[in-house]
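Working notes for the structure below.
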Amino acid sequence: MRAKTVLSIIGINQDNGDLRSAIELCRAAGAHLSVLVTALAIAPVGGYGEVSSSAWAEEREREVQSLSQQVATAKTLLQSSNISFDVDSLLTEYGWVDNEIGERARYADLTLVGGGLLAQNDMRWRVLDGALFHSSAPILITPRGRVATLQPRVVLVAWDSRNEASQAVRAAMEQLTAAENVHVVIVDPRASTRGNGEEPGADIAAFLARHGVNVSVDILSGGGRTVAEVLRQHAVDISAELIVMGAYGHSRMRERIFGGTTRSMLEAAPVPLMMTR
C-alpha cells in the first residue's frame, strides 16, 4: 500500500500530538495529508420549552466555536510543515459519525487514528467503525508515545487464514517487502486443509517469499491467554514496529460490534497497528 493521501481524524478536545505524528508520516512518505477535525453535536432534547431550546442553542454555538478554533490551530501548524495538506471540519450527530467518516475515508489510501482520538471515549468506536467497516481503506492506529511510520523495520502479521487477514496482508504488501524482518504469527493453529493448511503458516510464508519478503513463521501457544494478549507480548518480544491484522465485527441492532480480538488490540496495541476488514 503506497499512500498518496492520508486521512487524519482529529477531535476538538485533544492536543496536537496526533496531528504532529500525521505530519511526520506524510513528510516521510511524500503523501498529502487530509485532516478532518470532528466533533459530536449535542442532540436537542424536547419537552422543556424555550429554556431547553435556548440552552441547546448555546451549547451548539460553543461546539461550533471549538471546532473553528481547532481547525485554525491545525492550519497554523500545517502551514509551517512544508507538506501538501487540506483541513476540513465535521460536526455530526452520534448516530451518523460512522457513515460520515466512511465517506471521507473512501477518498484516502489510509486513515490515521492517533492516541489522542482513541482517548475520547464518546466517539472513538464510532470513528473506528466508520473507517474500518464503511470504507475499504486500511487504518493505522498509533498509540500515544509511538511514531507513526509506513517504513517499519520489523513487522508482525497476525495470521489465521481468514479472508480479513489476507486482505490486510495485501494492503500492507509495500511495508512487508521493504521490512527487514516479517514475522507471521499464528496462535494455537489447527492443521487442516480447510484452515491453516497441513503445515500452518507454510502457504502464507511461501506467498510472501515470492514477493521478496524476508519472512519467518512463529507458531505460538496461548497457554490460557487470549489471542490479543499473545500478539501484544510477541510484538514487544520481537521489537515490532508495526502489527498487521484483519478486523472482525458483526452487526446487531444496527450497531457494529467489534470482535473480541479486534477490540482488544484496538484498545491496547503496544505498537502501531494496521488493520483492514
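We name chains A, B, ... following the order of the C-alpha cells; residues begin at 1 in each chain, and ligands are numbered from 1 as shown.
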Report task. Would you please give, as an MDAnalysis selection string, all residues of segment 108-155 of chain A that DSSP assigns to strand (DSSP E or B) based on the backbone? Result -> chainID A and resid 110:114 139:142 154:155
**Report entry** Selection: 7 Å around segment 29-43 of chain A, only C-alpha atoms, excl. self and same-chain fewer than 3 positions, as a PyMOL selection string
**Finding:** chain A and resi 3-12+25-26+60+67+71+83-94
Write the residues of the preceding selection, restricted to C-alpha atoms, as a tab-separated table (two decimals), in the first residue's frame.
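Ended up saving to part-v3.tsv:
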chain	number	residue	atom	x	y	z
A	3	ALA	CA	-0.14	6.07	0.49
A	4	LYS	CA	-0.54	9.25	-1.54
A	5	THR	CA	-3.44	10.59	0.52
A	6	VAL	CA	-3.64	10.10	4.28
A	7	LEU	CA	-6.79	11.00	6.22
A	8	SER	CA	-6.17	12.02	9.83
A	9	ILE	CA	-9.15	12.24	12.18
A	10	ILE	CA	-8.72	14.84	14.94
A	11	GLY	CA	-11.08	15.62	17.82
A	12	ILE	CA	-11.71	19.08	19.25
A	25	LEU	CA	4.33	10.25	8.49
A	26	CYS	CA	3.24	12.21	5.42
A	60	ARG	CA	-24.29	24.11	19.87
A	67	LEU	CA	-14.48	23.29	16.07
A	71	VAL	CA	-9.37	23.99	12.59
A	83	ILE	CA	3.78	19.24	3.23
A	84	SER	CA	0.70	19.16	0.99
A	85	PHE	CA	-2.47	19.36	3.10
A	86	ASP	CA	-6.10	20.33	3.41
A	87	VAL	CA	-8.25	20.77	6.53
A	88	ASP	CA	-11.99	20.24	6.82
A	89	SER	CA	-14.40	20.10	9.76
A	90	LEU	CA	-17.28	17.82	10.65
A	91	LEU	CA	-19.99	18.48	13.24
A	92	THR	CA	-22.29	15.49	13.23
A	93	GLU	CA	-24.78	13.58	15.36
A	94	TYR	CA	-23.62	10.46	17.20
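Residues within 12 Å of Ser221 of chain A, counting only C-alpha atoms and excluding same-chain residues fewer than 3 positions away, are A:Val185, A:Ile186, A:Val187, A:Asp188, A:Pro189, A:Arg190, A:Asp218, A:Gly224, A:Arg225, A:Thr226, A:Val227, A:Glu229, A:Val230, A:Leu231, A:His234.
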Mind writing the picked residues with N, CA, C and O atoms as an mmCIF file, in the first residue's frame?
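result05.cif written:
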data_model
loop_
_atom_site.group_PDB
_atom_site.id
_atom_site.type_symbol
_atom_site.label_atom_id
_atom_site.label_comp_id
_atom_site.auth_asym_id
_atom_site.auth_seq_id
_atom_site.Cartn_x
_atom_site.Cartn_y
_atom_site.Cartn_z
ATOM 1 N N VAL A 185 2.607 -14.633 12.580
ATOM 2 C CA VAL A 185 2.330 -15.204 13.897
ATOM 3 C C VAL A 185 0.978 -15.909 13.887
ATOM 4 O O VAL A 185 -0.041 -15.319 13.513
ATOM 5 N N ILE A 186 0.993 -17.169 14.290
ATOM 6 C CA ILE A 186 -0.229 -17.968 14.379
ATOM 7 C C ILE A 186 -0.351 -18.476 15.809
ATOM 8 O O ILE A 186 0.586 -19.084 16.336
ATOM 9 N N VAL A 187 -1.481 -18.231 16.407
ATOM 10 C CA VAL A 187 -1.706 -18.628 17.797
ATOM 11 C C VAL A 187 -2.609 -19.858 17.841
ATOM 12 O O VAL A 187 -3.722 -19.844 17.321
ATOM 13 N N ASP A 188 -2.100 -20.933 18.435
ATOM 14 C CA ASP A 188 -2.851 -22.180 18.608
ATOM 15 C C ASP A 188 -3.529 -22.634 17.316
ATOM 16 O O ASP A 188 -4.764 -22.794 17.251
ATOM 17 N N PRO A 189 -2.751 -22.855 16.253
ATOM 18 C CA PRO A 189 -3.376 -23.265 14.987
ATOM 19 C C PRO A 189 -3.842 -24.716 15.027
ATOM 20 O O PRO A 189 -3.331 -25.540 15.795
ATOM 21 N N ARG A 190 -4.809 -25.008 14.184
ATOM 22 C CA ARG A 190 -5.247 -26.384 13.969
ATOM 23 C C ARG A 190 -4.931 -26.740 12.526
ATOM 24 O O ARG A 190 -5.425 -26.096 11.604
ATOM 25 N N ASP A 218 6.037 -17.838 13.183
ATOM 26 C CA ASP A 218 6.108 -18.065 14.623
ATOM 27 C C ASP A 218 4.802 -18.711 15.071
ATOM 28 O O ASP A 218 3.740 -18.066 15.037
ATOM 29 N N GLY A 224 -3.601 -20.382 27.886
ATOM 30 C CA GLY A 224 -4.625 -19.786 28.728
ATOM 31 C C GLY A 224 -4.831 -18.301 28.523
ATOM 32 O O GLY A 224 -5.754 -17.715 29.091
ATOM 33 N N ARG A 225 -3.967 -17.669 27.719
ATOM 34 C CA ARG A 225 -4.114 -16.248 27.429
ATOM 35 C C ARG A 225 -4.987 -16.055 26.199
ATOM 36 O O ARG A 225 -5.157 -16.954 25.385
ATOM 37 N N THR A 226 -5.520 -14.855 26.032
ATOM 38 C CA THR A 226 -6.276 -14.545 24.828
ATOM 39 C C THR A 226 -5.320 -14.357 23.654
ATOM 40 O O THR A 226 -4.122 -14.132 23.838
ATOM 41 N N VAL A 227 -5.868 -14.447 22.454
ATOM 42 C CA VAL A 227 -5.051 -14.233 21.248
ATOM 43 C C VAL A 227 -4.440 -12.836 21.276
ATOM 44 O O VAL A 227 -3.262 -12.652 20.947
ATOM 45 N N GLU A 229 -3.638 -10.979 23.841
ATOM 46 C CA GLU A 229 -2.549 -10.919 24.814
ATOM 47 C C GLU A 229 -1.275 -11.537 24.252
ATOM 48 O O GLU A 229 -0.175 -11.001 24.439
ATOM 49 N N VAL A 230 -1.413 -12.666 23.559
ATOM 50 C CA VAL A 230 -0.248 -13.323 22.963
ATOM 51 C C VAL A 230 0.377 -12.438 21.893
ATOM 52 O O VAL A 230 1.604 -12.276 21.833
ATOM 53 N N LEU A 231 -0.449 -11.843 21.043
ATOM 54 C CA LEU A 231 0.056 -10.982 19.976
ATOM 55 C C LEU A 231 0.772 -9.760 20.543
ATOM 56 O O LEU A 231 1.852 -9.380 20.062
ATOM 57 N N HIS A 234 4.165 -10.773 22.012
ATOM 58 C CA HIS A 234 5.137 -11.168 20.984
ATOM 59 C C HIS A 234 5.627 -9.948 20.209
ATOM 60 O O HIS A 234 6.797 -9.896 19.816
#
Residues of segment 94-160 of chain A that approach segment 238-251 of chain A to 6 Å or less, counting only C-alpha atoms: could you list each one with the shortest pair of atoms and its distance in Å to one decimal, rows by chain and increasing residue number, as a tab-separated table?
residue	atom	partner	partner_atom	distance
A:Pro152	CA	A:Glu241	CA	5.4
A:Val154	CA	A:Ala240	CA	4.8
A:Val155	CA	A:Leu242	CA	4.9
A:Leu156	CA	A:Ile243	CA	4.8
A:Val157	CA	A:Val244	CA	4.8
A:Ala158	CA	A:Met245	CA	5.1
Taking N, CA, C and O atoms for each residue, export the selection above as a PDB file, in the first residue's frame.
ATOM      1  N   PRO A 152       8.353   0.481   8.496  1.00  0.00           N
ATOM      2  CA  PRO A 152       8.791  -0.292   9.659  1.00  0.00           C
ATOM      3  C   PRO A 152       9.896  -1.283   9.297  1.00  0.00           C
ATOM      4  O   PRO A 152       9.900  -1.843   8.205  1.00  0.00           O
ATOM      5  N   VAL A 154      10.618  -4.020  11.422  1.00  0.00           N
ATOM      6  CA  VAL A 154      10.136  -5.326  11.872  1.00  0.00           C
ATOM      7  C   VAL A 154       8.612  -5.287  11.934  1.00  0.00           C
ATOM      8  O   VAL A 154       8.033  -4.387  12.551  1.00  0.00           O
ATOM      9  N   VAL A 155       7.968  -6.265  11.288  1.00  0.00           N
ATOM     10  CA  VAL A 155       6.509  -6.293  11.208  1.00  0.00           C
ATOM     11  C   VAL A 155       5.993  -7.630  11.739  1.00  0.00           C
ATOM     12  O   VAL A 155       6.548  -8.688  11.432  1.00  0.00           O
ATOM     13  N   LEU A 156       4.943  -7.570  12.525  1.00  0.00           N
ATOM     14  CA  LEU A 156       4.237  -8.770  12.970  1.00  0.00           C
ATOM     15  C   LEU A 156       2.935  -8.864  12.181  1.00  0.00           C
ATOM     16  O   LEU A 156       2.140  -7.925  12.181  1.00  0.00           O
ATOM     17  N   VAL A 157       2.734  -9.989  11.505  1.00  0.00           N
ATOM     18  CA  VAL A 157       1.487 -10.246  10.786  1.00  0.00           C
ATOM     19  C   VAL A 157       0.681 -11.266  11.581  1.00  0.00           C
ATOM     20  O   VAL A 157       1.131 -12.402  11.786  1.00  0.00           O
ATOM     21  N   ALA A 158      -0.489 -10.865  12.063  1.00  0.00           N
ATOM     22  CA  ALA A 158      -1.371 -11.783  12.781  1.00  0.00           C
ATOM     23  C   ALA A 158      -2.140 -12.608  11.751  1.00  0.00           C
ATOM     24  O   ALA A 158      -2.949 -12.058  11.009  1.00  0.00           O
TER      25      ALA A 158
END
**Report entry** Backbone DSSP call of alpha helix (DSSP H) for segment 27-218 of chain A, listed as a PyMOL selection string
**Finding:** chain A and resi 27-29+49-79+97-105+115-118+124-133+163-171+173-178+202-210
Given the selection you just returned, output its residues as a file containing C-alpha atoms, formatted as a compact mmCIF listing (two decimals), in the first residue's frame.
# COMPACT_ATOMS: atom_id res chain seq x y z
CA ARG A 27 6.57 14.02 5.20
CA ALA A 28 8.45 10.69 5.16
CA ALA A 29 6.02 9.13 2.67
CA GLY A 49 -39.87 24.55 26.15
CA GLU A 50 -37.95 27.70 25.40
CA VAL A 51 -35.41 27.33 28.24
CA SER A 52 -34.25 23.96 26.95
CA SER A 53 -34.10 25.21 23.36
CA SER A 54 -32.03 28.20 24.42
CA ALA A 55 -29.58 26.03 26.39
CA TRP A 56 -29.21 23.66 23.46
CA ALA A 57 -28.58 26.54 21.04
CA GLU A 58 -25.89 27.98 23.34
CA GLU A 59 -24.18 24.59 23.63
CA ARG A 60 -24.29 24.11 19.87
CA GLU A 61 -22.70 27.53 19.40
CA ARG A 62 -19.88 26.57 21.79
CA GLU A 63 -19.33 23.38 19.78
CA VAL A 64 -19.10 25.34 16.54
CA GLN A 65 -16.62 27.77 18.08
CA SER A 66 -14.46 24.95 19.47
CA LEU A 67 -14.48 23.29 16.07
CA SER A 68 -13.43 26.51 14.35
CA GLN A 69 -10.62 27.08 16.86
CA GLN A 70 -9.26 23.57 16.37
CA VAL A 71 -9.37 23.99 12.59
CA ALA A 72 -7.45 27.27 12.89
CA THR A 73 -4.87 25.64 15.18
CA ALA A 74 -4.42 22.75 12.76
CA LYS A 75 -3.97 25.07 9.79
CA THR A 76 -1.35 27.13 11.62
CA LEU A 77 0.65 24.01 12.43
CA LEU A 78 0.31 22.59 8.93
CA GLN A 79 1.30 25.82 7.18
CA VAL A 97 -20.46 9.52 12.67
CA ASP A 98 -19.59 6.14 11.14
CA ASN A 99 -21.25 6.97 7.83
CA GLU A 100 -19.63 10.41 7.64
CA ILE A 101 -16.16 9.07 8.44
CA GLY A 102 -16.59 6.22 5.97
CA GLU A 103 -17.47 8.64 3.18
CA ARG A 104 -14.30 10.67 3.83
CA ALA A 105 -12.11 7.57 4.15
CA GLY A 115 -3.81 8.04 20.71
CA GLY A 116 -5.41 11.42 21.34
CA LEU A 117 -8.57 10.45 19.48
CA LEU A 118 -8.58 6.96 20.99
CA ARG A 124 -13.61 6.59 19.23
CA TRP A 125 -15.62 3.46 18.47
CA ARG A 126 -17.91 5.23 16.02
CA VAL A 127 -14.92 6.73 14.21
CA LEU A 128 -13.14 3.38 14.05
CA ASP A 129 -16.33 1.68 12.91
CA GLY A 130 -16.72 4.17 10.08
CA ALA A 131 -13.10 3.99 8.98
CA LEU A 132 -12.98 0.18 9.09
CA PHE A 133 -16.41 -1.00 8.00
CA ASN A 163 -10.15 -13.51 4.33
CA GLU A 164 -9.74 -10.46 6.56
CA ALA A 165 -6.14 -11.42 7.35
CA SER A 166 -5.45 -11.98 3.66
CA GLN A 167 -6.82 -8.53 2.82
CA ALA A 168 -4.62 -6.96 5.49
CA VAL A 169 -1.50 -8.63 4.08
CA ARG A 170 -2.26 -7.37 0.59
CA ALA A 171 -2.92 -3.84 1.87
CA MET A 173 2.49 -5.50 0.94
CA GLU A 174 4.71 -2.49 0.31
CA GLN A 175 5.56 -2.30 4.01
CA LEU A 176 6.19 -6.05 4.17
CA THR A 177 8.50 -6.16 1.17
CA ALA A 178 10.56 -3.24 2.48
CA ALA A 202 3.61 -22.56 5.14
CA ASP A 203 1.21 -21.25 2.49
CA ILE A 204 1.27 -17.60 3.56
CA ALA A 205 5.05 -17.75 4.06
CA ALA A 206 5.54 -19.07 0.52
CA PHE A 207 3.20 -16.40 -0.85
CA LEU A 208 5.13 -13.63 0.87
CA ALA A 209 8.53 -15.07 -0.04
CA ARG A 210 7.60 -14.94 -3.74
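Compared by their closest atoms to Arg277 of chain A, and using only C-alpha atoms, the residues A:Val147, A:Ile139, A:Met123, A:Leu112 rank with A:Ile139 nearest.
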Requested in this report: May I ask for the distance between atom CA of Ala269 of chain A and atom CA of Asn214 of chain A, given in Å to one decimal place?
Outcome: 23.7 Å
Query raised in the report: Thr142 of chain A: which residues within 8 Å, counting only C-alpha atoms, same-chain residues fewer than 6 positions away excluded, as a ChimeraX atom specification?
Result: /A:112-115,148,271-273
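Put simply, atom CA of Thr276 of chain A is 11.0 Å away from atom CA of His134 of chain A.
Across the structure, atom CA of Gly201 of chain A and atom CA of Val184 of chain A are spaced 7.2 Å apart.
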